[in-house]
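Undergrad: See model-v5.csv below, with CSV, C-alpha atoms.
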```csv
chain,number,residue,atom,x,y,z
A,1,LEU,CA,159.9,158.3,-60.7
A,2,HIS,CA,160.9,155.0,-62.2
A,3,ASP,CA,164.5,156.3,-62.4
A,4,ALA,CA,164.5,157.4,-58.8
A,5,LEU,CA,163.3,154.0,-57.4
A,6,PRO,CA,166.5,152.1,-58.2
A,7,ILE,CA,168.5,154.9,-56.6
A,8,PHE,CA,166.4,154.9,-53.5
A,9,SER,CA,166.6,151.1,-53.3
A,10,PHE,CA,170.4,151.3,-53.7
A,11,ILE,CA,170.7,153.9,-50.9
A,12,ILE,CA,168.6,151.7,-48.6
A,13,SER,CA,170.7,148.6,-49.4
A,14,ILE,CA,174.0,150.5,-48.8
A,15,THR,CA,172.7,151.9,-45.5
A,16,PHE,CA,171.5,148.4,-44.4
A,17,ALA,CA,174.8,146.8,-45.4
A,18,SER,CA,177.0,149.4,-43.7
A,19,ASN,CA,175.0,149.0,-40.4
A,20,TYR,CA,174.6,145.3,-40.3
A,21,TRP,CA,177.3,143.8,-42.5
A,22,TYR,CA,179.6,142.9,-39.6
A,23,THR,CA,176.8,141.3,-37.5
A,24,ILE,CA,175.6,139.4,-40.6
A,25,LEU,CA,179.1,138.0,-41.1
A,26,GLN,CA,179.3,137.1,-37.4
A,27,PHE,CA,175.9,135.2,-37.7
A,28,ALA,CA,176.8,133.4,-40.9
A,29,ASN,CA,180.3,132.4,-39.8
A,30,ALA,CA,179.5,131.6,-36.1
A,31,THR,CA,181.9,129.0,-34.7
A,32,SER,CA,180.7,126.6,-32.0
A,33,PHE,CA,182.4,127.0,-28.5
A,34,ASN,CA,181.4,123.4,-27.7
A,35,THR,CA,180.1,124.8,-24.4
A,36,VAL,CA,176.4,125.4,-23.5
A,37,ASP,CA,175.1,128.0,-21.1
A,38,PRO,CA,173.3,126.5,-18.1
A,39,LEU,CA,170.1,128.5,-18.5
A,40,PHE,CA,169.0,128.0,-22.1
A,41,LYS,CA,171.3,125.0,-23.0
A,42,LYS,CA,172.5,126.9,-26.1
A,43,ASP,CA,176.1,127.0,-27.3
A,44,ILE,CA,177.9,130.1,-26.0
A,45,SER,CA,178.5,131.2,-29.6
A,46,PHE,CA,174.8,131.9,-30.1
A,47,PHE,CA,174.9,134.8,-27.6
A,48,ILE,CA,178.2,136.2,-29.0
A,49,PHE,CA,177.7,135.8,-32.8
A,50,LYS,CA,174.0,135.4,-33.5
A,51,LEU,CA,172.0,137.3,-30.8
A,52,PRO,CA,173.4,140.7,-31.9
A,53,LEU,CA,171.9,140.3,-35.4
A,54,ILE,CA,168.6,139.1,-34.0
A,55,GLU,CA,168.5,142.3,-31.8
A,56,SER,CA,169.4,144.5,-34.8
A,57,LEU,CA,166.7,143.0,-37.0
A,58,TYR,CA,164.2,143.4,-34.1
A,59,ARG,CA,165.0,147.1,-33.8
A,60,THR,CA,164.7,147.5,-37.6
A,61,LEU,CA,161.3,145.9,-37.5
A,62,ILE,CA,160.2,148.2,-34.7
A,63,ALA,CA,161.3,151.2,-36.7
A,64,LEU,CA,159.5,150.0,-39.9
A,65,LEU,CA,156.3,149.3,-37.9
A,66,VAL,CA,156.4,152.9,-36.5
A,67,VAL,CA,156.7,154.2,-40.0
A,68,LEU,CA,153.8,152.0,-41.1
A,69,VAL,CA,151.6,153.3,-38.3
A,70,ILE,CA,152.4,156.9,-39.2
A,71,ILE,CA,151.7,156.3,-42.9
A,72,THR,CA,148.4,154.5,-42.1
A,73,ILE,CA,147.2,157.4,-39.9
A,74,VAL,CA,148.2,160.0,-42.5
A,75,VAL,CA,146.4,158.0,-45.2
A,76,TYR,CA,143.2,157.8,-43.2
A,77,ILE,CA,143.3,161.6,-42.4
A,78,THR,CA,144.0,162.4,-46.0
A,79,LEU,CA,141.2,160.3,-47.4
A,80,THR,CA,138.7,161.6,-44.9
A,81,ALA,CA,139.7,165.2,-45.7
A,82,LYS,CA,139.5,164.5,-49.4
A,83,ASP,CA,136.0,163.1,-48.9
A,84,HIS,CA,134.8,166.2,-47.1
A,85,ILE,CA,136.2,168.4,-49.9
A,86,LEU,CA,134.9,166.4,-52.9
A,87,HIS,CA,131.4,165.9,-51.3
A,88,SER,CA,130.8,169.4,-49.9
A,89,ASN,CA,127.7,169.8,-52.0
A,90,LYS,CA,124.5,168.4,-50.7
A,91,GLU,CA,123.4,166.6,-53.9
A,92,ASN,CA,123.4,162.8,-53.2
A,93,ILE,CA,125.8,163.5,-50.4
A,94,SER,CA,124.1,161.0,-48.1
A,95,SER,CA,124.4,158.0,-50.3
A,96,LYS,CA,127.9,158.9,-51.6
A,97,PHE,CA,129.2,159.4,-48.1
A,98,LYS,CA,127.8,156.2,-46.8
A,99,ASN,CA,129.3,154.2,-49.6
A,100,PHE,CA,132.7,155.9,-49.2
A,101,LYS,CA,132.6,155.5,-45.4
A,102,SER,CA,131.8,151.9,-45.8
A,103,GLY,CA,134.7,151.3,-48.0
A,104,ILE,CA,137.1,153.3,-45.8
A,105,THR,CA,135.8,151.5,-42.7
A,106,LYS,CA,136.5,148.1,-44.2
A,107,PHE,CA,140.0,149.2,-45.5
A,108,ALA,CA,140.8,150.8,-42.1
A,109,GLY,CA,139.6,147.7,-40.3
A,110,ARG,CA,141.9,145.4,-42.3
A,111,GLN,CA,144.9,147.7,-41.9
A,112,LEU,CA,144.3,148.2,-38.2
A,113,ALA,CA,143.9,144.4,-37.7
A,114,ILE,CA,147.3,143.8,-39.4
A,115,VAL,CA,149.2,146.6,-37.7
A,116,SER,CA,147.8,145.7,-34.2
A,117,SER,CA,148.7,142.0,-34.7
A,118,LEU,CA,152.2,142.9,-35.9
A,119,ILE,CA,152.7,145.1,-32.8
A,120,LEU,CA,151.7,142.2,-30.5
A,121,MET,CA,153.9,139.8,-32.4
A,122,LEU,CA,156.9,142.1,-32.1
A,123,VAL,CA,156.1,142.4,-28.3
A,124,ALA,CA,156.4,138.6,-28.2
A,125,LEU,CA,159.7,138.6,-30.2
A,126,GLY,CA,161.0,141.4,-28.0
A,127,TYR,CA,160.5,139.5,-24.8
A,128,LEU,CA,162.0,136.4,-26.3
A,129,VAL,CA,165.1,138.5,-27.1
A,130,LYS,CA,165.0,140.0,-23.5
A,131,ALA,CA,164.9,136.5,-22.1
A,132,TRP,CA,168.1,135.5,-24.0
A,133,ASN,CA,169.7,138.7,-22.8
A,134,LEU,CA,169.3,137.5,-19.2
A,135,VAL,CA,172.7,135.8,-19.5
A,136,TYR,CA,174.1,139.4,-19.3
A,137,SER,CA,171.9,140.4,-16.3
A,138,PRO,CA,173.7,142.6,-13.7
A,139,ARG,CA,171.0,142.1,-11.1
A,140,GLY,CA,172.5,139.3,-9.0
A,141,ILE,CA,175.6,139.1,-6.9
A,142,VAL,CA,177.6,138.0,-10.0
A,143,PHE,CA,177.3,139.0,-13.6
A,144,GLY,CA,174.8,136.9,-15.5
A,145,ALA,CA,171.4,135.4,-14.6
A,146,GLY,CA,170.7,135.0,-10.9
A,147,TYR,CA,168.0,133.5,-8.8
A,148,THR,CA,165.4,136.3,-9.5
A,149,ASP,CA,166.2,136.3,-13.2
A,150,VAL,CA,165.7,132.5,-13.5
A,151,HIS,CA,162.8,132.0,-11.2
A,152,VAL,CA,160.8,135.2,-11.8
A,153,THR,CA,161.9,137.3,-14.7
A,154,LEU,CA,162.4,134.4,-17.2
A,155,ARG,CA,159.0,132.9,-16.4
A,156,PHE,CA,157.3,136.2,-16.8
A,157,TYR,CA,159.1,136.9,-20.2
A,158,GLN,CA,158.1,133.5,-21.5
A,159,THR,CA,154.5,134.0,-20.4
A,160,ILE,CA,154.4,137.5,-21.9
A,161,ALA,CA,155.7,136.1,-25.2
A,162,VAL,CA,153.1,133.4,-25.4
A,163,VAL,CA,150.2,135.6,-24.3
A,164,SER,CA,151.3,138.3,-26.8
A,165,LEU,CA,151.1,135.8,-29.6
A,166,ILE,CA,147.7,134.6,-28.5
A,167,ALA,CA,146.6,138.3,-28.2
A,168,ALA,CA,147.8,139.0,-31.7
A,169,ILE,CA,145.5,136.3,-33.1
A,170,ILE,CA,142.6,137.4,-30.9
A,171,THR,CA,143.1,141.1,-31.9
A,172,PHE,CA,143.3,140.3,-35.6
A,173,ILE,CA,140.1,138.3,-35.6
A,174,SER,CA,138.2,140.7,-33.3
A,175,ILE,CA,139.0,143.8,-35.3
A,176,LEU,CA,137.9,142.2,-38.5
A,177,LYS,CA,134.6,141.3,-36.7
A,178,TYR,CA,134.4,144.8,-35.2
A,179,LYS,CA,134.6,143.5,-31.6
A,180,THR,CA,136.5,145.7,-29.3
A,181,LYS,CA,136.1,143.9,-25.9
A,182,PRO,CA,138.4,141.0,-26.7
A,183,VAL,CA,141.1,143.4,-28.0
A,184,ILE,CA,140.9,145.6,-24.9
A,185,ILE,CA,141.1,142.5,-22.6
A,186,SER,CA,144.1,141.1,-24.5
A,187,ILE,CA,146.0,144.3,-24.3
A,188,ILE,CA,145.2,144.8,-20.6
A,189,VAL,CA,146.4,141.2,-19.8
A,190,VAL,CA,149.7,141.9,-21.6
A,191,VAL,CA,150.2,145.3,-19.9
A,192,VAL,CA,149.4,143.7,-16.5
A,193,LEU,CA,152.0,141.0,-17.1
A,194,ILE,CA,154.7,143.5,-18.1
A,195,PHE,CA,154.1,145.7,-15.0
A,196,GLY,CA,153.7,142.5,-12.9
A,197,GLU,CA,157.1,141.3,-13.8
A,198,HIS,CA,158.8,144.5,-12.7
A,199,ILE,CA,157.0,144.6,-9.4
A,200,THR,CA,157.3,140.8,-8.6
A,201,ALA,CA,161.0,140.7,-9.6
A,202,SER,CA,161.8,143.7,-7.4
A,203,LEU,CA,159.9,142.3,-4.4
A,204,VAL,CA,161.5,138.8,-4.7
A,205,GLN,CA,165.0,140.3,-5.1
A,206,LYS,CA,164.6,142.7,-2.1
A,207,PHE,CA,162.7,140.5,0.4
A,208,GLN,CA,163.7,136.9,-0.5
A,209,VAL,CA,167.0,136.9,-2.2
A,210,GLN,CA,168.9,139.7,-0.4
A,211,SER,CA,168.2,138.2,3.0
A,212,ASN,CA,169.4,134.7,1.9
A,213,GLU,CA,171.8,135.6,-0.9
A,214,LYS,CA,174.6,133.2,-0.3
A,215,THR,CA,172.3,130.2,-0.4
A,216,LEU,CA,170.0,131.2,-3.2
A,217,GLU,CA,172.7,132.6,-5.5
A,218,LYS,CA,175.2,129.7,-4.8
A,219,PRO,CA,174.5,127.7,-8.0
A,220,TYR,CA,174.7,130.9,-10.2
A,221,ILE,CA,178.0,131.9,-8.5
A,222,GLN,CA,179.3,128.5,-9.3
A,223,TYR,CA,178.2,128.8,-12.9
A,224,ASN,CA,180.1,132.1,-13.1
A,225,ILE,CA,183.3,130.6,-11.6
A,226,ASP,CA,183.2,127.5,-13.8
A,227,ASN,CA,182.7,129.5,-17.0
A,228,THR,CA,185.3,132.1,-16.1
A,229,ARG,CA,187.8,129.3,-15.6
A,230,LYS,CA,186.9,127.8,-19.0
A,231,ALA,CA,187.3,131.2,-20.7
A,232,PHE,CA,190.8,131.5,-19.3
A,233,ASN,CA,191.5,127.8,-19.9
A,234,LEU,CA,192.1,127.2,-16.2
A,235,ASP,CA,189.8,124.2,-15.8
A,236,THR,CA,192.3,121.6,-17.0
```
Starting from the file, lay out its structure as structure tokens.
TA:
Amino acid sequence: LHDALPIFSFIISITFASNYWYTILQFANATSFNTVDPLFKKDISFFIFKLPLIESLYRTLIALLVVLVIITIVVYITLTAKDHILHSNKENISSKFKNFKSGITKFAGRQLAIVSSLILMLVALGYLVKAWNLVYSPRGIVFGAGYTDVHVTLRFYQTIAVVSLIAAIITFISILKYKTKPVIISIIVVVVLIFGEHITASLVQKFQVQSNEKTLEKPYIQYNIDNTRKAFNLDT
């Protein structure tokens, strides 16, 4: 087993390096464009060189969390089954089972609190990444963030990210104290905001923007023209 661990670690390292080496090099050697985007006031190089690595790490964290959830569930089921097998006789079964159940419950509570909080923290990170990706939005009349993206979607994304972080703290504390109501309320609020964004953005785009597109999208069309001219060095 000790001999296998270094080999397993080496395989994971090689796999990680082969998948992310180029994006890591991009991130580490990012060169400033000396031009900021009008939405986030970040240098354009952030979206080209750094955002791809952030997205890759986010997907990796999601995959690891899924594996952690599966392992946690399997461990709980295995321990419960083992308890039933080892304590199938009726002698002192009541006291033994209560002690065992108490230990498992505390362990499960801590694990569940950590995993639940991590999920909500990743939701917050995911919506922060989605907010940055609005610079690539195809929704408006031109490529990039438009009226609906800026005035509706971005605000919802920022709100969801903040609420998810708060929900992560509430969930962690509530599970440790065996209180389910705050957890349920926190999750419902996050879910409502997620669905609310889709509905609100669609309604605003259809009934407000499309009927007055030239006026509302005018500044974003101008941003697109200005940055296209800069990209082709036509602004001099």
Undergrad: As an exercise, work out the distance from CA of Gly140 (chain A) to CA of Val191 (chain A) in Å and give it to one decimal place.
TA: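 Rounded to one decimal, the two atoms are 25.5 Å apart.
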Undergrad: Report the distance between CA of Leu51 (chain A) and CA of Thr153 (chain A) in Å, rounded to one decimal place.
TA: 19.0 Å
Undergrad: So, counting only C-alpha atoms, which residue among A:Ile54, A:Leu118, A:Ile199, A:Ile170 is closest to Thr148 (chain A)?
TA: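 Of the candidates, the smallest distance to Thr148 (chain A) is held by A:Ile199.
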Undergrad: If you count all atoms listed in the file, which residues fall within 12 Å of Phe143 (chain A), apart from same-chain ones fewer than 2 positions away, as number ranges by chain?
TA: A: 133-141, 145-147, 149, 217, 220-225, 227-228
Undergrad: From the set A:Lys177, A:Lys50, A:His198, A:Arg110, which residue has the shortest atom-to-atom contact distance to Phe156 (chain A), counting all atoms listed in the file?
TA: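 Looking only at the distances to Phe156 (chain A), the closest residue turns out to be A:His198.
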Undergrad: One number please: CA of Thr35 (chain A) to CA of Ala131 (chain A), in Å, one decimal.
TA: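 These atoms are spaced 19.3 Å apart.
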Undergrad: Residues near Leu165 (chain A), anyone? I mean within 12 Å using all atoms listed in the file, not counting same-chain ones fewer than 6 positions away, as a list of chain:residue names.
TA: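 These residues fall inside the cut-off: A:Ser116, A:Ser117, A:Leu118, A:Ile119, A:Leu120, A:Met121, A:Leu122, A:Val123, A:Ala124, A:Leu125, A:Gly126, A:Tyr127, A:Leu128, A:Gln158, A:Thr159, A:Thr171, A:Phe172, A:Ser186, A:Ile187, A:Val190.
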Undergrad: For the selection you just gave me, I'd like the residues written to a file as a compact mmCIF listing (two decimals), in the frame of the given file, keeping C-alpha atoms.
TA:
```
# COMPACT_ATOMS: atom_id res chain seq x y z
CA SER A 116 147.80 145.70 -34.20
CA SER A 117 148.70 142.00 -34.70
CA LEU A 118 152.20 142.90 -35.90
CA ILE A 119 152.70 145.10 -32.80
CA LEU A 120 151.70 142.20 -30.50
CA MET A 121 153.90 139.80 -32.40
CA LEU A 122 156.90 142.10 -32.10
CA VAL A 123 156.10 142.40 -28.30
CA ALA A 124 156.40 138.60 -28.20
CA LEU A 125 159.70 138.60 -30.20
CA GLY A 126 161.00 141.40 -28.00
CA TYR A 127 160.50 139.50 -24.80
CA LEU A 128 162.00 136.40 -26.30
CA GLN A 158 158.10 133.50 -21.50
CA THR A 159 154.50 134.00 -20.40
CA THR A 171 143.10 141.10 -31.90
CA PHE A 172 143.30 140.30 -35.60
CA SER A 186 144.10 141.10 -24.50
CA ILE A 187 146.00 144.30 -24.30
CA VAL A 190 149.70 141.90 -21.60
```
Undergrad: Report as a list in words all protein, DNA and RNA residues lying within 10 Å of Val69 (chain A), evaluated on only C-alpha atoms, omitting residues in the same chain fewer than 5 positions from it.
TA: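 The residues that qualify are Leu64, Val74, Val75, Gln111, Leu112, Val115, Ser116 and Ile119 of chain A.
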Undergrad: Would you pick out the contacts of Phe33 (chain A) at 7 Å or less, using all atoms listed in the file, so that residues sharing its chain but fewer than 6 positions from it are not included, and give the list as a PyMOL selection string?
TA: chain A and resi 43-45
Undergrad: Considering all atoms listed in the file, can you say which of A:Ala30, A:Leu57, A:Ile175, A:Phe195 comes closest to Tyr157 (chain A)?
TA: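 Nearest to Tyr157 (chain A): A:Phe195.
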Undergrad: Which of these, A:Ile24, A:Leu234, A:Ile169, A:Leu39, has the shortest distance to Gly144 (chain A) once you count only C-alpha atoms?
TA: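 For Gly144 (chain A), the nearest of the given residues is A:Leu39.
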